[in-house]
$ cat work18.cif   # mmCIF, N, CA and C atoms
data_coords
#
loop_
_atom_site.group_PDB
_atom_site.id
_atom_site.type_symbol
_atom_site.label_atom_id
_atom_site.label_comp_id
_atom_site.auth_asym_id
_atom_site.auth_seq_id
_atom_site.Cartn_x
_atom_site.Cartn_y
_atom_site.Cartn_z
ATOM 1 N N MET A 27 -3.171 -2.552 7.763
ATOM 2 C CA MET A 27 -2.787 -1.640 6.719
ATOM 3 C C MET A 27 -1.608 -0.767 7.168
ATOM 4 N N ALA A 28 -1.633 -0.384 8.427
ATOM 5 C CA ALA A 28 -0.558 0.463 8.936
ATOM 6 C C ALA A 28 0.783 -0.281 8.928
ATOM 7 N N ALA A 29 0.753 -1.558 9.266
ATOM 8 C CA ALA A 29 1.991 -2.343 9.265
ATOM 9 C C ALA A 29 2.533 -2.496 7.849
ATOM 10 N N LEU A 30 1.642 -2.687 6.890
ATOM 11 C CA LEU A 30 2.060 -2.814 5.495
ATOM 12 C C LEU A 30 2.653 -1.505 4.984
ATOM 13 N N THR A 31 2.051 -0.400 5.365
ATOM 14 C CA THR A 31 2.570 0.907 4.971
ATOM 15 C C THR A 31 3.934 1.169 5.595
ATOM 16 N N CYS A 32 4.086 0.846 6.861
ATOM 17 C CA CYS A 32 5.382 1.031 7.533
ATOM 18 C C CYS A 32 6.457 0.154 6.896
ATOM 19 N N ALA A 33 6.108 -1.092 6.589
ATOM 20 C CA ALA A 33 7.079 -1.979 5.950
ATOM 21 C C ALA A 33 7.486 -1.444 4.580
ATOM 22 N N SER A 34 6.532 -0.915 3.837
ATOM 23 C CA SER A 34 6.850 -0.358 2.521
ATOM 24 C C SER A 34 7.753 0.858 2.638
ATOM 25 N N LEU A 35 7.483 1.716 3.597
ATOM 26 C CA LEU A 35 8.312 2.907 3.773
ATOM 27 C C LEU A 35 9.720 2.551 4.235
ATOM 28 N N ILE A 36 9.826 1.565 5.106
ATOM 29 C CA ILE A 36 11.153 1.121 5.561
ATOM 30 C C ILE A 36 11.936 0.542 4.390
ATOM 31 N N LEU A 37 11.271 -0.268 3.554
ATOM 32 C CA LEU A 37 11.950 -0.819 2.381
ATOM 33 C C LEU A 37 12.317 0.272 1.386
ATOM 34 N N LEU A 38 11.483 1.303 1.274
ATOM 35 C CA LEU A 38 11.782 2.410 0.377
ATOM 36 C C LEU A 38 13.040 3.145 0.824
ATOM 37 N N VAL A 39 13.138 3.412 2.114
ATOM 38 C CA VAL A 39 14.323 4.091 2.645
ATOM 39 C C VAL A 39 15.549 3.188 2.512
ATOM 40 N N ALA A 40 15.388 1.912 2.847
ATOM 41 C CA ALA A 40 16.520 0.986 2.728
ATOM 42 C C ALA A 40 16.937 0.828 1.275
ATOM 43 N N GLY A 41 15.979 0.852 0.361
ATOM 44 C CA GLY A 41 16.293 0.706 -1.053
ATOM 45 C C GLY A 41 17.039 1.888 -1.629
ATOM 46 N N THR A 42 16.836 3.059 -1.057
ATOM 47 C CA THR A 42 17.545 4.224 -1.563
ATOM 48 C C THR A 42 19.007 4.252 -1.113
ATOM 49 N N PHE A 43 19.303 3.600 -0.004
ATOM 50 C CA PHE A 43 20.661 3.629 0.527
ATOM 51 C C PHE A 43 21.468 2.369 0.254
ATOM 52 N N THR A 44 20.860 1.374 -0.369
ATOM 53 C CA THR A 44 21.578 0.129 -0.614
ATOM 54 C C THR A 44 21.418 -0.292 -2.071
ATOM 55 N N SER A 45 22.280 -1.163 -2.492
ATOM 56 C CA SER A 45 22.149 -1.723 -3.832
ATOM 57 C C SER A 45 21.869 -3.226 -3.750
ATOM 58 N N ASP A 46 21.444 -3.683 -2.581
ATOM 59 C CA ASP A 46 21.123 -5.094 -2.389
ATOM 60 C C ASP A 46 19.860 -5.449 -3.174
ATOM 61 N N LYS A 47 19.988 -6.436 -4.015
ATOM 62 C CA LYS A 47 18.872 -6.797 -4.894
ATOM 63 C C LYS A 47 17.687 -7.371 -4.122
ATOM 64 N N ALA A 48 17.928 -8.027 -2.998
ATOM 65 C CA ALA A 48 16.832 -8.606 -2.222
ATOM 66 C C ALA A 48 15.925 -7.507 -1.657
ATOM 67 N N VAL A 49 16.513 -6.435 -1.167
ATOM 68 C CA VAL A 49 15.733 -5.313 -0.639
ATOM 69 C C VAL A 49 14.921 -4.668 -1.750
ATOM 70 N N LEU A 50 15.543 -4.482 -2.894
ATOM 71 C CA LEU A 50 14.843 -3.851 -4.014
ATOM 72 C C LEU A 50 13.704 -4.721 -4.528
ATOM 73 N N TRP A 51 13.904 -6.033 -4.602
ATOM 74 C CA TRP A 51 12.835 -6.912 -5.060
ATOM 75 C C TRP A 51 11.692 -6.979 -4.051
ATOM 76 N N CYS A 52 12.002 -6.930 -2.761
ATOM 77 C CA CYS A 52 10.937 -6.881 -1.745
ATOM 78 C C CYS A 52 10.130 -5.601 -1.887
ATOM 79 N N LEU A 53 10.813 -4.512 -2.154
ATOM 80 C CA LEU A 53 10.118 -3.239 -2.363
ATOM 81 C C LEU A 53 9.237 -3.305 -3.602
ATOM 82 N N VAL A 54 9.759 -3.879 -4.676
ATOM 83 C CA VAL A 54 8.985 -4.000 -5.915
ATOM 84 C C VAL A 54 7.750 -4.875 -5.702
ATOM 85 N N ALA A 55 7.848 -5.888 -4.877
ATOM 86 C CA ALA A 55 6.713 -6.777 -4.624
ATOM 87 C C ALA A 55 5.700 -6.173 -3.659
ATOM 88 N N LEU A 56 6.171 -5.407 -2.686
ATOM 89 C CA LEU A 56 5.287 -4.915 -1.631
ATOM 90 C C LEU A 56 4.624 -3.585 -1.962
ATOM 91 N N TRP A 57 5.283 -2.738 -2.710
ATOM 92 C CA TRP A 57 4.762 -1.397 -2.976
ATOM 93 C C TRP A 57 3.419 -1.405 -3.723
ATOM 94 N N PRO A 58 3.243 -2.167 -4.800
ATOM 95 C CA PRO A 58 1.939 -2.152 -5.481
ATOM 96 C C PRO A 58 0.801 -2.676 -4.607
ATOM 97 N N VAL A 59 1.099 -3.655 -3.759
ATOM 98 C CA VAL A 59 0.071 -4.174 -2.851
ATOM 99 C C VAL A 59 -0.372 -3.088 -1.885
ATOM 100 N N THR A 60 0.572 -2.328 -1.358
ATOM 101 C CA THR A 60 0.261 -1.241 -0.434
ATOM 102 C C THR A 60 -0.578 -0.170 -1.114
ATOM 103 N N VAL A 61 -0.198 0.209 -2.322
ATOM 104 C CA VAL A 61 -0.938 1.245 -3.040
ATOM 105 C C VAL A 61 -2.353 0.762 -3.376
ATOM 106 N N LEU A 62 -2.489 -0.485 -3.797
ATOM 107 C CA LEU A 62 -3.801 -1.036 -4.119
ATOM 108 C C LEU A 62 -4.709 -1.079 -2.896
ATOM 109 N N LEU A 63 -4.193 -1.545 -1.768
ATOM 110 C CA LEU A 63 -5.006 -1.600 -0.552
ATOM 111 C C LEU A 63 -5.371 -0.210 -0.051
ATOM 112 N N ALA A 64 -4.457 0.741 -0.162
ATOM 113 C CA ALA A 64 -4.765 2.114 0.244
ATOM 114 C C ALA A 64 -5.850 2.707 -0.643
ATOM 115 N N PHE A 65 -5.767 2.443 -1.942
ATOM 116 C CA PHE A 65 -6.783 2.931 -2.867
ATOM 117 C C PHE A 65 -8.147 2.327 -2.553
ATOM 118 N N ARG A 66 -8.173 1.032 -2.256
ATOM 119 C CA ARG A 66 -9.444 0.377 -1.923
ATOM 120 C C ARG A 66 -10.029 0.911 -0.624
ATOM 121 N N MET A 67 -9.163 1.222 0.357
ATOM 122 C CA MET A 67 -9.668 1.779 1.608
ATOM 123 C C MET A 67 -10.237 3.174 1.405
ATOM 124 N N LEU A 68 -9.625 3.966 0.537
ATOM 125 C CA LEU A 68 -10.116 5.312 0.280
ATOM 126 C C LEU A 68 -11.410 5.303 -0.523
ATOM 127 N N ARG A 69 -11.615 4.295 -1.343
ATOM 128 C CA ARG A 69 -12.816 4.210 -2.165
ATOM 129 C C ARG A 69 -13.999 3.595 -1.418
ATOM 130 N N ARG A 70 -13.766 3.007 -0.257
ATOM 131 C CA ARG A 70 -14.822 2.357 0.504
ATOM 132 C C ARG A 70 -15.762 3.407 1.083
ATOM 133 N N PRO A 71 -17.071 3.182 0.995
ATOM 134 C CA PRO A 71 -18.004 4.128 1.618
ATOM 135 C C PRO A 71 -17.800 4.160 3.135
ATOM 136 N N THR A 72 -17.900 5.334 3.711
ATOM 137 C CA THR A 72 -17.609 5.469 5.134
ATOM 138 C C THR A 72 -18.857 5.544 6.008
ATOM 139 N N GLY A 73 -19.976 5.840 5.445
ATOM 140 C CA GLY A 73 -21.165 5.962 6.279
ATOM 141 C C GLY A 73 -22.426 5.597 5.528
ATOM 142 N N VAL A 74 -23.539 5.957 6.111
ATOM 143 C CA VAL A 74 -24.829 5.650 5.513
ATOM 144 C C VAL A 74 -25.018 6.422 4.218
ATOM 145 N N GLU A 75 -24.429 7.609 4.129
ATOM 146 C CA GLU A 75 -24.601 8.445 2.929
ATOM 147 C C GLU A 75 -24.012 7.768 1.694
ATOM 148 N N GLY A 76 -22.966 6.973 1.853
ATOM 149 C CA GLY A 76 -22.309 6.367 0.706
ATOM 150 C C GLY A 76 -22.941 5.058 0.240
ATOM 151 N N ARG A 77 -23.867 4.520 1.027
ATOM 152 C CA ARG A 77 -24.466 3.241 0.691
ATOM 153 C C ARG A 77 -25.685 3.440 -0.199
ATOM 154 N N THR A 78 -25.935 2.438 -1.033
ATOM 155 C CA THR A 78 -27.120 2.480 -1.885
ATOM 156 C C THR A 78 -28.070 1.357 -1.482
ATOM 157 N N ARG A 79 -29.322 1.590 -1.676
ATOM 158 C CA ARG A 79 -30.324 0.550 -1.367
ATOM 159 C C ARG A 79 -30.536 -0.318 -2.577
ATOM 160 N N SER A 80 -30.765 -1.616 -2.314
ATOM 161 C CA SER A 80 -31.069 -2.496 -3.435
ATOM 162 C C SER A 80 -32.529 -2.876 -3.437
#
$ encode --input "work18.cif" --output "structure tokens"
Amino acid sequence: MAALTCASLILLVAGTFTSDKAVLWCLVALWPVTVLLAFRMLRRPTGVEGRTRS
């Protein structure tokens, strides 16, 4: 997850300083994946308190 976040941030910075379409399309493809995975990690229960019994 950390590598994906770093890659997204690097593409974000590169995208702000360039008009290269390849960089912008990579950012467009990678950013939603990063946000989705971060959201899923934050929603995951972290301990016994968050788990439910079946």
$ atom_distance --input "work18.cif" --atom1 "CA of Val61 (chain A)" --atom2 "CA of Val39 (chain A)"
16.5 Å
$ axis_aligned_box --input "work18.cif" --around "region 49-58 of chain A" --padding-each-side "8 Å" --output "JSON"
{"center_x": 8.7, "center_y": -4.2, "center_z": -3.3, "size_x": 31.7, "size_y": 21.6, "size_z": 21.3}
$ atom_distance --input "work18.cif" --atom1 "CA of Thr31 (chain A)" --atom2 "CA of Trp57 (chain A)"
8.6 Å
$ atom_distance --input "work18.cif" --atom1 "CA of Val54 (chain A)" --atom2 "CA of Leu30 (chain A)"
13.4 Å
$ resolve_selection --input "work18.cif" --expression "the PyMOL selection byres (((chain A and resi 37 and name CA) around 12) and name CA)" --output "number ranges by chain"
A: 30-36, 38-57
$ select_by_dssp --input "work18.cif" --residues "chain A" --states "alpha helix (DSSP H)" --output "MDAnalysis selection string"
chainID A and resid 28:43 47:69
$ write_last_selection --input "work18.cif" --atoms "N, CA and C atoms" --output "compact mmCIF listing (two decimals), in the coordinates of the input"
# COMPACT_ATOMS: atom_id res chain seq x y z
N ALA A 28 -1.63 -0.38 8.43
CA ALA A 28 -0.56 0.46 8.94
C ALA A 28 0.78 -0.28 8.93
N ALA A 29 0.75 -1.56 9.27
CA ALA A 29 1.99 -2.34 9.26
C ALA A 29 2.53 -2.50 7.85
N LEU A 30 1.64 -2.69 6.89
CA LEU A 30 2.06 -2.81 5.50
C LEU A 30 2.65 -1.50 4.98
N THR A 31 2.05 -0.40 5.36
CA THR A 31 2.57 0.91 4.97
C THR A 31 3.93 1.17 5.60
N CYS A 32 4.09 0.85 6.86
CA CYS A 32 5.38 1.03 7.53
C CYS A 32 6.46 0.15 6.90
N ALA A 33 6.11 -1.09 6.59
CA ALA A 33 7.08 -1.98 5.95
C ALA A 33 7.49 -1.44 4.58
N SER A 34 6.53 -0.92 3.84
CA SER A 34 6.85 -0.36 2.52
C SER A 34 7.75 0.86 2.64
N LEU A 35 7.48 1.72 3.60
CA LEU A 35 8.31 2.91 3.77
C LEU A 35 9.72 2.55 4.24
N ILE A 36 9.83 1.56 5.11
CA ILE A 36 11.15 1.12 5.56
C ILE A 36 11.94 0.54 4.39
N LEU A 37 11.27 -0.27 3.55
CA LEU A 37 11.95 -0.82 2.38
C LEU A 37 12.32 0.27 1.39
N LEU A 38 11.48 1.30 1.27
CA LEU A 38 11.78 2.41 0.38
C LEU A 38 13.04 3.14 0.82
N VAL A 39 13.14 3.41 2.11
CA VAL A 39 14.32 4.09 2.64
C VAL A 39 15.55 3.19 2.51
N ALA A 40 15.39 1.91 2.85
CA ALA A 40 16.52 0.99 2.73
C ALA A 40 16.94 0.83 1.27
N GLY A 41 15.98 0.85 0.36
CA GLY A 41 16.29 0.71 -1.05
C GLY A 41 17.04 1.89 -1.63
N THR A 42 16.84 3.06 -1.06
CA THR A 42 17.55 4.22 -1.56
C THR A 42 19.01 4.25 -1.11
N PHE A 43 19.30 3.60 0.00
CA PHE A 43 20.66 3.63 0.53
C PHE A 43 21.47 2.37 0.25
N LYS A 47 19.99 -6.44 -4.01
CA LYS A 47 18.87 -6.80 -4.89
C LYS A 47 17.69 -7.37 -4.12
N ALA A 48 17.93 -8.03 -3.00
CA ALA A 48 16.83 -8.61 -2.22
C ALA A 48 15.92 -7.51 -1.66
N VAL A 49 16.51 -6.44 -1.17
CA VAL A 49 15.73 -5.31 -0.64
C VAL A 49 14.92 -4.67 -1.75
N LEU A 50 15.54 -4.48 -2.89
CA LEU A 50 14.84 -3.85 -4.01
C LEU A 50 13.70 -4.72 -4.53
N TRP A 51 13.90 -6.03 -4.60
CA TRP A 51 12.84 -6.91 -5.06
C TRP A 51 11.69 -6.98 -4.05
N CYS A 52 12.00 -6.93 -2.76
CA CYS A 52 10.94 -6.88 -1.74
C CYS A 52 10.13 -5.60 -1.89
N LEU A 53 10.81 -4.51 -2.15
CA LEU A 53 10.12 -3.24 -2.36
C LEU A 53 9.24 -3.30 -3.60
N VAL A 54 9.76 -3.88 -4.68
CA VAL A 54 8.98 -4.00 -5.92
C VAL A 54 7.75 -4.88 -5.70
N ALA A 55 7.85 -5.89 -4.88
CA ALA A 55 6.71 -6.78 -4.62
C ALA A 55 5.70 -6.17 -3.66
N LEU A 56 6.17 -5.41 -2.69
CA LEU A 56 5.29 -4.92 -1.63
C LEU A 56 4.62 -3.58 -1.96
N TRP A 57 5.28 -2.74 -2.71
CA TRP A 57 4.76 -1.40 -2.98
C TRP A 57 3.42 -1.40 -3.72
N PRO A 58 3.24 -2.17 -4.80
CA PRO A 58 1.94 -2.15 -5.48
C PRO A 58 0.80 -2.68 -4.61
N VAL A 59 1.10 -3.66 -3.76
CA VAL A 59 0.07 -4.17 -2.85
C VAL A 59 -0.37 -3.09 -1.88
N THR A 60 0.57 -2.33 -1.36
CA THR A 60 0.26 -1.24 -0.43
C THR A 60 -0.58 -0.17 -1.11
N VAL A 61 -0.20 0.21 -2.32
CA VAL A 61 -0.94 1.25 -3.04
C VAL A 61 -2.35 0.76 -3.38
N LEU A 62 -2.49 -0.48 -3.80
CA LEU A 62 -3.80 -1.04 -4.12
C LEU A 62 -4.71 -1.08 -2.90
N LEU A 63 -4.19 -1.54 -1.77
CA LEU A 63 -5.01 -1.60 -0.55
C LEU A 63 -5.37 -0.21 -0.05
N ALA A 64 -4.46 0.74 -0.16
CA ALA A 64 -4.76 2.11 0.24
C ALA A 64 -5.85 2.71 -0.64
N PHE A 65 -5.77 2.44 -1.94
CA PHE A 65 -6.78 2.93 -2.87
C PHE A 65 -8.15 2.33 -2.55
N ARG A 66 -8.17 1.03 -2.26
CA ARG A 66 -9.44 0.38 -1.92
C ARG A 66 -10.03 0.91 -0.62
N MET A 67 -9.16 1.22 0.36
CA MET A 67 -9.67 1.78 1.61
C MET A 67 -10.24 3.17 1.40
N LEU A 68 -9.62 3.97 0.54
CA LEU A 68 -10.12 5.31 0.28
C LEU A 68 -11.41 5.30 -0.52
N ARG A 69 -11.62 4.30 -1.34
CA ARG A 69 -12.82 4.21 -2.16
C ARG A 69 -14.00 3.60 -1.42
